[in-house]
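The structure under discussion appears below in the form of structure tokens.
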Amino acid sequence: MEFTEVLNYCLYVVLTVILPVVAKYVVDFAKTKIKESNFIEETVKNEYVSSLVQDALSSVMDAVLYVNQTFVDTLKENGEFTQSAWAEAKQKAYHAALLTISEESKKAIDELYGSFDKWLQLKIESSVNKAKKQQR
């Protein structure tokens, strides 16, 4: 037997016997580290919170469009849309949004942004602006 044949035989034995054992330990180690890390948990949590915020945003836009259709449009047609009517419309949109946004979304937004109330007021203003642009 030549030296290269002996070397090939030794490599074959090493690769067929030892490599699968080493690979198993490497895979087990990787699985353990993944379980220990919070990456997957955090990703799922972030996606869930994101969906809660998106649902809340949708509710805000629906509330603004509802108030616009049922209250603001009528006042504008009659030429009665004043500053006090604007304030009343904002309050109506605020209360309509409060009724439709889930408690879970409110809590998530409060944790993310510090104040659900301020967030809601800001999003109502933003939604009014978007609604105006859509009507043009």
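Identifiers in this document derive from the order of the structure tokens: chains are assigned A, B, ..., residues are numbered from 1 separately in each chain, and ligands are numbered from 1 in order of occurrence.
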Do a neighbour search on range 65-77 of chain A at 9 Å with only C-alpha atoms, toss out local chain neighbours closer than 5 positions, and write the hits as a PyMOL selection string. chain A and resi 60+82+85-86+89-90+92-93+96+127-128+131
Report as a PDB file with N, CA and C atoms, in the first residue's frame: the residues of range 50-126 of chain A with a DSSP assignment of alpha helix (DSSP H), based on the backbone of this structure.
ATOM      1  N   SER A  50     -46.336  45.838  16.510  1.00  0.00           N
ATOM      2  CA  SER A  50     -46.513  46.569  15.258  1.00  0.00           C
ATOM      3  C   SER A  50     -47.927  46.386  14.722  1.00  0.00           C
ATOM      4  N   SER A  51     -48.438  45.178  14.805  1.00  0.00           N
ATOM      5  CA  SER A  51     -49.810  44.945  14.329  1.00  0.00           C
ATOM      6  C   SER A  51     -50.824  45.664  15.218  1.00  0.00           C
ATOM      7  N   LEU A  52     -50.561  45.761  16.522  1.00  0.00           N
ATOM      8  CA  LEU A  52     -51.455  46.500  17.411  1.00  0.00           C
ATOM      9  C   LEU A  52     -51.483  47.984  17.043  1.00  0.00           C
ATOM     10  N   VAL A  53     -50.316  48.547  16.763  1.00  0.00           N
ATOM     11  CA  VAL A  53     -50.233  49.960  16.391  1.00  0.00           C
ATOM     12  C   VAL A  53     -50.917  50.191  15.042  1.00  0.00           C
ATOM     13  N   GLN A  54     -50.715  49.280  14.103  1.00  0.00           N
ATOM     14  CA  GLN A  54     -51.358  49.419  12.787  1.00  0.00           C
ATOM     15  C   GLN A  54     -52.877  49.359  12.922  1.00  0.00           C
ATOM     16  N   ASP A  55     -53.376  48.475  13.761  1.00  0.00           N
ATOM     17  CA  ASP A  55     -54.822  48.400  13.999  1.00  0.00           C
ATOM     18  C   ASP A  55     -55.335  49.704  14.598  1.00  0.00           C
ATOM     19  N   ALA A  56     -54.573  50.266  15.528  1.00  0.00           N
ATOM     20  CA  ALA A  56     -54.970  51.532  16.149  1.00  0.00           C
ATOM     21  C   ALA A  56     -54.975  52.662  15.112  1.00  0.00           C
ATOM     22  N   LEU A  57     -53.964  52.696  14.261  1.00  0.00           N
ATOM     23  CA  LEU A  57     -53.908  53.712  13.209  1.00  0.00           C
ATOM     24  C   LEU A  57     -55.100  53.600  12.266  1.00  0.00           C
ATOM     25  N   SER A  58     -55.464  52.398  11.940  1.00  0.00           N
ATOM     26  CA  SER A  58     -56.627  52.169  11.082  1.00  0.00           C
ATOM     27  C   SER A  58     -57.899  52.669  11.771  1.00  0.00           C
ATOM     28  N   SER A  59     -58.009  52.428  13.060  1.00  0.00           N
ATOM     29  CA  SER A  59     -59.174  52.901  13.816  1.00  0.00           C
ATOM     30  C   SER A  59     -59.235  54.422  13.852  1.00  0.00           C
ATOM     31  N   VAL A  60     -58.091  55.067  13.989  1.00  0.00           N
ATOM     32  CA  VAL A  60     -58.045  56.532  14.000  1.00  0.00           C
ATOM     33  C   VAL A  60     -58.517  57.073  12.658  1.00  0.00           C
ATOM     34  N   MET A  61     -58.009  56.509  11.577  1.00  0.00           N
ATOM     35  CA  MET A  61     -58.413  56.979  10.252  1.00  0.00           C
ATOM     36  C   MET A  61     -59.902  56.749  10.025  1.00  0.00           C
ATOM     37  N   ASP A  62     -60.414  55.602  10.446  1.00  0.00           N
ATOM     38  CA  ASP A  62     -61.842  55.331  10.320  1.00  0.00           C
ATOM     39  C   ASP A  62     -62.667  56.352  11.104  1.00  0.00           C
ATOM     40  N   ALA A  63     -62.210  56.678  12.306  1.00  0.00           N
ATOM     41  CA  ALA A  63     -62.934  57.654  13.132  1.00  0.00           C
ATOM     42  C   ALA A  63     -62.942  59.027  12.471  1.00  0.00           C
ATOM     43  N   VAL A  64     -61.811  59.436  11.936  1.00  0.00           N
ATOM     44  CA  VAL A  64     -61.723  60.740  11.276  1.00  0.00           C
ATOM     45  C   VAL A  64     -62.635  60.776  10.047  1.00  0.00           C
ATOM     46  N   LEU A  65     -62.594  59.722   9.258  1.00  0.00           N
ATOM     47  CA  LEU A  65     -63.448  59.675   8.059  1.00  0.00           C
ATOM     48  C   LEU A  65     -64.927  59.650   8.437  1.00  0.00           C
ATOM     49  N   TYR A  66     -65.259  58.945   9.504  1.00  0.00           N
ATOM     50  CA  TYR A  66     -66.642  58.897   9.976  1.00  0.00           C
ATOM     51  C   TYR A  66     -67.129  60.282  10.397  1.00  0.00           C
ATOM     52  N   VAL A  67     -66.345  60.976  11.197  1.00  0.00           N
ATOM     53  CA  VAL A  67     -66.722  62.316  11.661  1.00  0.00           C
ATOM     54  C   VAL A  67     -66.786  63.279  10.471  1.00  0.00           C
ATOM     55  N   ASP A  73     -68.802  67.448   6.801  1.00  0.00           N
ATOM     56  CA  ASP A  73     -69.307  67.729   5.455  1.00  0.00           C
ATOM     57  C   ASP A  73     -70.608  68.524   5.489  1.00  0.00           C
ATOM     58  N   THR A  74     -71.497  68.178   6.409  1.00  0.00           N
ATOM     59  CA  THR A  74     -72.769  68.891   6.536  1.00  0.00           C
ATOM     60  C   THR A  74     -72.546  70.341   6.932  1.00  0.00           C
ATOM     61  N   LEU A  75     -71.661  70.557   7.903  1.00  0.00           N
ATOM     62  CA  LEU A  75     -71.374  71.920   8.332  1.00  0.00           C
ATOM     63  C   LEU A  75     -70.733  72.731   7.209  1.00  0.00           C
ATOM     64  N   LYS A  76     -69.836  72.111   6.467  1.00  0.00           N
ATOM     65  CA  LYS A  76     -69.185  72.813   5.369  1.00  0.00           C
ATOM     66  C   LYS A  76     -70.183  73.191   4.272  1.00  0.00           C
ATOM     67  N   GLU A  77     -71.099  72.295   3.977  1.00  0.00           N
ATOM     68  CA  GLU A  77     -72.119  72.569   2.955  1.00  0.00           C
ATOM     69  C   GLU A  77     -72.992  73.751   3.354  1.00  0.00           C
ATOM     70  N   GLN A  83     -64.355  77.627  13.884  1.00  0.00           N
ATOM     71  CA  GLN A  83     -63.270  77.123  14.744  1.00  0.00           C
ATOM     72  C   GLN A  83     -63.827  76.240  15.854  1.00  0.00           C
ATOM     73  N   SER A  84     -64.964  76.619  16.420  1.00  0.00           N
ATOM     74  CA  SER A  84     -65.555  75.789  17.480  1.00  0.00           C
ATOM     75  C   SER A  84     -66.087  74.477  16.904  1.00  0.00           C
ATOM     76  N   ALA A  85     -66.577  74.497  15.664  1.00  0.00           N
ATOM     77  CA  ALA A  85     -67.019  73.260  15.015  1.00  0.00           C
ATOM     78  C   ALA A  85     -65.822  72.342  14.758  1.00  0.00           C
ATOM     79  N   TRP A  86     -64.680  72.942  14.408  1.00  0.00           N
ATOM     80  CA  TRP A  86     -63.458  72.168  14.211  1.00  0.00           C
ATOM     81  C   TRP A  86     -63.054  71.475  15.510  1.00  0.00           C
ATOM     82  N   ALA A  87     -63.113  72.206  16.617  1.00  0.00           N
ATOM     83  CA  ALA A  87     -62.774  71.626  17.921  1.00  0.00           C
ATOM     84  C   ALA A  87     -63.748  70.501  18.277  1.00  0.00           C
ATOM     85  N   GLU A  88     -65.015  70.708  17.973  1.00  0.00           N
ATOM     86  CA  GLU A  88     -66.018  69.678  18.247  1.00  0.00           C
ATOM     87  C   GLU A  88     -65.778  68.439  17.376  1.00  0.00           C
ATOM     88  N   ALA A  89     -65.402  68.647  16.138  1.00  0.00           N
ATOM     89  CA  ALA A  89     -65.112  67.526  15.234  1.00  0.00           C
ATOM     90  C   ALA A  89     -63.921  66.714  15.747  1.00  0.00           C
ATOM     91  N   LYS A  90     -62.899  67.416  16.237  1.00  0.00           N
ATOM     92  CA  LYS A  90     -61.744  66.715  16.789  1.00  0.00           C
ATOM     93  C   LYS A  90     -62.150  65.873  17.994  1.00  0.00           C
ATOM     94  N   GLN A  91     -63.003  66.435  18.850  1.00  0.00           N
ATOM     95  CA  GLN A  91     -63.474  65.690  20.029  1.00  0.00           C
ATOM     96  C   GLN A  91     -64.277  64.467  19.617  1.00  0.00           C
ATOM     97  N   LYS A  92     -65.128  64.632  18.609  1.00  0.00           N
ATOM     98  CA  LYS A  92     -65.930  63.499  18.132  1.00  0.00           C
ATOM     99  C   LYS A  92     -65.012  62.406  17.575  1.00  0.00           C
ATOM    100  N   ALA A  93     -64.004  62.798  16.804  1.00  0.00           N
ATOM    101  CA  ALA A  93     -63.059  61.822  16.255  1.00  0.00           C
ATOM    102  C   ALA A  93     -62.283  61.148  17.379  1.00  0.00           C
ATOM    103  N   TYR A  94     -61.894  61.921  18.368  1.00  0.00           N
ATOM    104  CA  TYR A  94     -61.158  61.393  19.515  1.00  0.00           C
ATOM    105  C   TYR A  94     -61.987  60.320  20.230  1.00  0.00           C
ATOM    106  N   HIS A  95     -63.240  60.631  20.513  1.00  0.00           N
ATOM    107  CA  HIS A  95     -64.096  59.677  21.233  1.00  0.00           C
ATOM    108  C   HIS A  95     -64.425  58.456  20.374  1.00  0.00           C
ATOM    109  N   ALA A  96     -64.626  58.667  19.073  1.00  0.00           N
ATOM    110  CA  ALA A  96     -64.891  57.529  18.190  1.00  0.00           C
ATOM    111  C   ALA A  96     -63.680  56.604  18.133  1.00  0.00           C
ATOM    112  N   ALA A  97     -62.500  57.179  18.059  1.00  0.00           N
ATOM    113  CA  ALA A  97     -61.274  56.363  18.032  1.00  0.00           C
ATOM    114  C   ALA A  97     -61.096  55.621  19.351  1.00  0.00           C
ATOM    115  N   LEU A  98     -61.354  56.291  20.457  1.00  0.00           N
ATOM    116  CA  LEU A  98     -61.226  55.641  21.770  1.00  0.00           C
ATOM    117  C   LEU A  98     -62.113  54.405  21.874  1.00  0.00           C
ATOM    118  N   LEU A  99     -63.300  54.480  21.282  1.00  0.00           N
ATOM    119  CA  LEU A  99     -64.233  53.359  21.349  1.00  0.00           C
ATOM    120  C   LEU A  99     -63.780  52.159  20.521  1.00  0.00           C
ATOM    121  N   THR A 100     -63.009  52.421  19.475  1.00  0.00           N
ATOM    122  CA  THR A 100     -62.653  51.326  18.573  1.00  0.00           C
ATOM    123  C   THR A 100     -61.246  50.767  18.788  1.00  0.00           C
ATOM    124  N   GLU A 103     -57.934  47.864  24.167  1.00  0.00           N
ATOM    125  CA  GLU A 103     -57.163  48.189  25.376  1.00  0.00           C
ATOM    126  C   GLU A 103     -55.716  47.729  25.234  1.00  0.00           C
ATOM    127  N   GLU A 104     -55.536  46.608  24.571  1.00  0.00           N
ATOM    128  CA  GLU A 104     -54.183  46.084  24.375  1.00  0.00           C
ATOM    129  C   GLU A 104     -53.361  47.036  23.502  1.00  0.00           C
ATOM    130  N   SER A 105     -54.005  47.579  22.470  1.00  0.00           N
ATOM    131  CA  SER A 105     -53.322  48.550  21.614  1.00  0.00           C
ATOM    132  C   SER A 105     -53.000  49.817  22.393  1.00  0.00           C
ATOM    133  N   LYS A 106     -53.928  50.250  23.210  1.00  0.00           N
ATOM    134  CA  LYS A 106     -53.698  51.456  24.012  1.00  0.00           C
ATOM    135  C   LYS A 106     -52.487  51.275  24.931  1.00  0.00           C
ATOM    136  N   LYS A 107     -52.405  50.113  25.564  1.00  0.00           N
ATOM    137  CA  LYS A 107     -51.277  49.842  26.464  1.00  0.00           C
ATOM    138  C   LYS A 107     -49.963  49.796  25.690  1.00  0.00           C
ATOM    139  N   ALA A 108     -49.976  49.131  24.538  1.00  0.00           N
ATOM    140  CA  ALA A 108     -48.753  49.021  23.738  1.00  0.00           C
ATOM    141  C   ALA A 108     -48.286  50.394  23.274  1.00  0.00           C
ATOM    142  N   ILE A 109     -49.221  51.224  22.831  1.00  0.00           N
ATOM    143  CA  ILE A 109     -48.876  52.570  22.359  1.00  0.00           C
ATOM    144  C   ILE A 109     -48.365  53.416  23.517  1.00  0.00           C
ATOM    145  N   ASP A 110     -48.989  53.280  24.658  1.00  0.00           N
ATOM    146  CA  ASP A 110     -48.550  54.028  25.838  1.00  0.00           C
ATOM    147  C   ASP A 110     -47.115  53.654  26.208  1.00  0.00           C
ATOM    148  N   GLU A 111     -46.784  52.367  26.127  1.00  0.00           N
ATOM    149  CA  GLU A 111     -45.423  51.922  26.436  1.00  0.00           C
ATOM    150  C   GLU A 111     -44.425  52.406  25.382  1.00  0.00           C
ATOM    151  N   LEU A 112     -44.836  52.372  24.119  1.00  0.00           N
ATOM    152  CA  LEU A 112     -43.922  52.763  23.032  1.00  0.00           C
ATOM    153  C   LEU A 112     -43.693  54.266  22.967  1.00  0.00           C
ATOM    154  N   TYR A 113     -44.762  55.039  23.105  1.00  0.00           N
ATOM    155  CA  TYR A 113     -44.687  56.478  22.853  1.00  0.00           C
ATOM    156  C   TYR A 113     -44.784  57.337  24.106  1.00  0.00           C
ATOM    157  N   PHE A 116     -50.525  57.599  25.407  1.00  0.00           N
ATOM    158  CA  PHE A 116     -51.520  57.226  24.399  1.00  0.00           C
ATOM    159  C   PHE A 116     -52.331  58.439  23.974  1.00  0.00           C
ATOM    160  N   ASP A 117     -52.698  59.280  24.927  1.00  0.00           N
ATOM    161  CA  ASP A 117     -53.520  60.452  24.644  1.00  0.00           C
ATOM    162  C   ASP A 117     -52.838  61.394  23.647  1.00  0.00           C
ATOM    163  N   LYS A 118     -51.580  61.691  23.878  1.00  0.00           N
ATOM    164  CA  LYS A 118     -50.851  62.581  22.961  1.00  0.00           C
ATOM    165  C   LYS A 118     -50.688  61.928  21.597  1.00  0.00           C
ATOM    166  N   TRP A 119     -50.405  60.631  21.590  1.00  0.00           N
ATOM    167  CA  TRP A 119     -50.269  59.905  20.333  1.00  0.00           C
ATOM    168  C   TRP A 119     -51.567  59.979  19.540  1.00  0.00           C
ATOM    169  N   LEU A 120     -52.679  59.752  20.223  1.00  0.00           N
ATOM    170  CA  LEU A 120     -53.978  59.762  19.553  1.00  0.00           C
ATOM    171  C   LEU A 120     -54.284  61.139  18.976  1.00  0.00           C
ATOM    172  N   GLN A 121     -54.042  62.182  19.729  1.00  0.00           N
ATOM    173  CA  GLN A 121     -54.298  63.534  19.225  1.00  0.00           C
ATOM    174  C   GLN A 121     -53.434  63.833  17.999  1.00  0.00           C
ATOM    175  N   LEU A 122     -52.189  63.439  18.058  1.00  0.00           N
ATOM    176  CA  LEU A 122     -51.282  63.643  16.926  1.00  0.00           C
ATOM    177  C   LEU A 122     -51.766  62.880  15.696  1.00  0.00           C
ATOM    178  N   LYS A 123     -52.185  61.647  15.888  1.00  0.00           N
ATOM    179  CA  LYS A 123     -52.632  60.820  14.761  1.00  0.00           C
ATOM    180  C   LYS A 123     -53.962  61.306  14.198  1.00  0.00           C
ATOM    181  N   ILE A 124     -54.799  61.881  15.028  1.00  0.00           N
ATOM    182  CA  ILE A 124     -56.047  62.462  14.516  1.00  0.00           C
ATOM    183  C   ILE A 124     -55.714  63.631  13.603  1.00  0.00           C
ATOM    184  N   GLU A 125     -54.831  64.502  14.047  1.00  0.00           N
ATOM    185  CA  GLU A 125     -54.416  65.646  13.213  1.00  0.00           C
ATOM    186  C   GLU A 125     -53.823  65.152  11.892  1.00  0.00           C
ATOM    187  N   SER A 126     -52.967  64.175  11.982  1.00  0.00           N
ATOM    188  CA  SER A 126     -52.331  63.621  10.789  1.00  0.00           C
ATOM    189  C   SER A 126     -53.365  62.987   9.859  1.00  0.00           C
TER     190      SER A 126
END
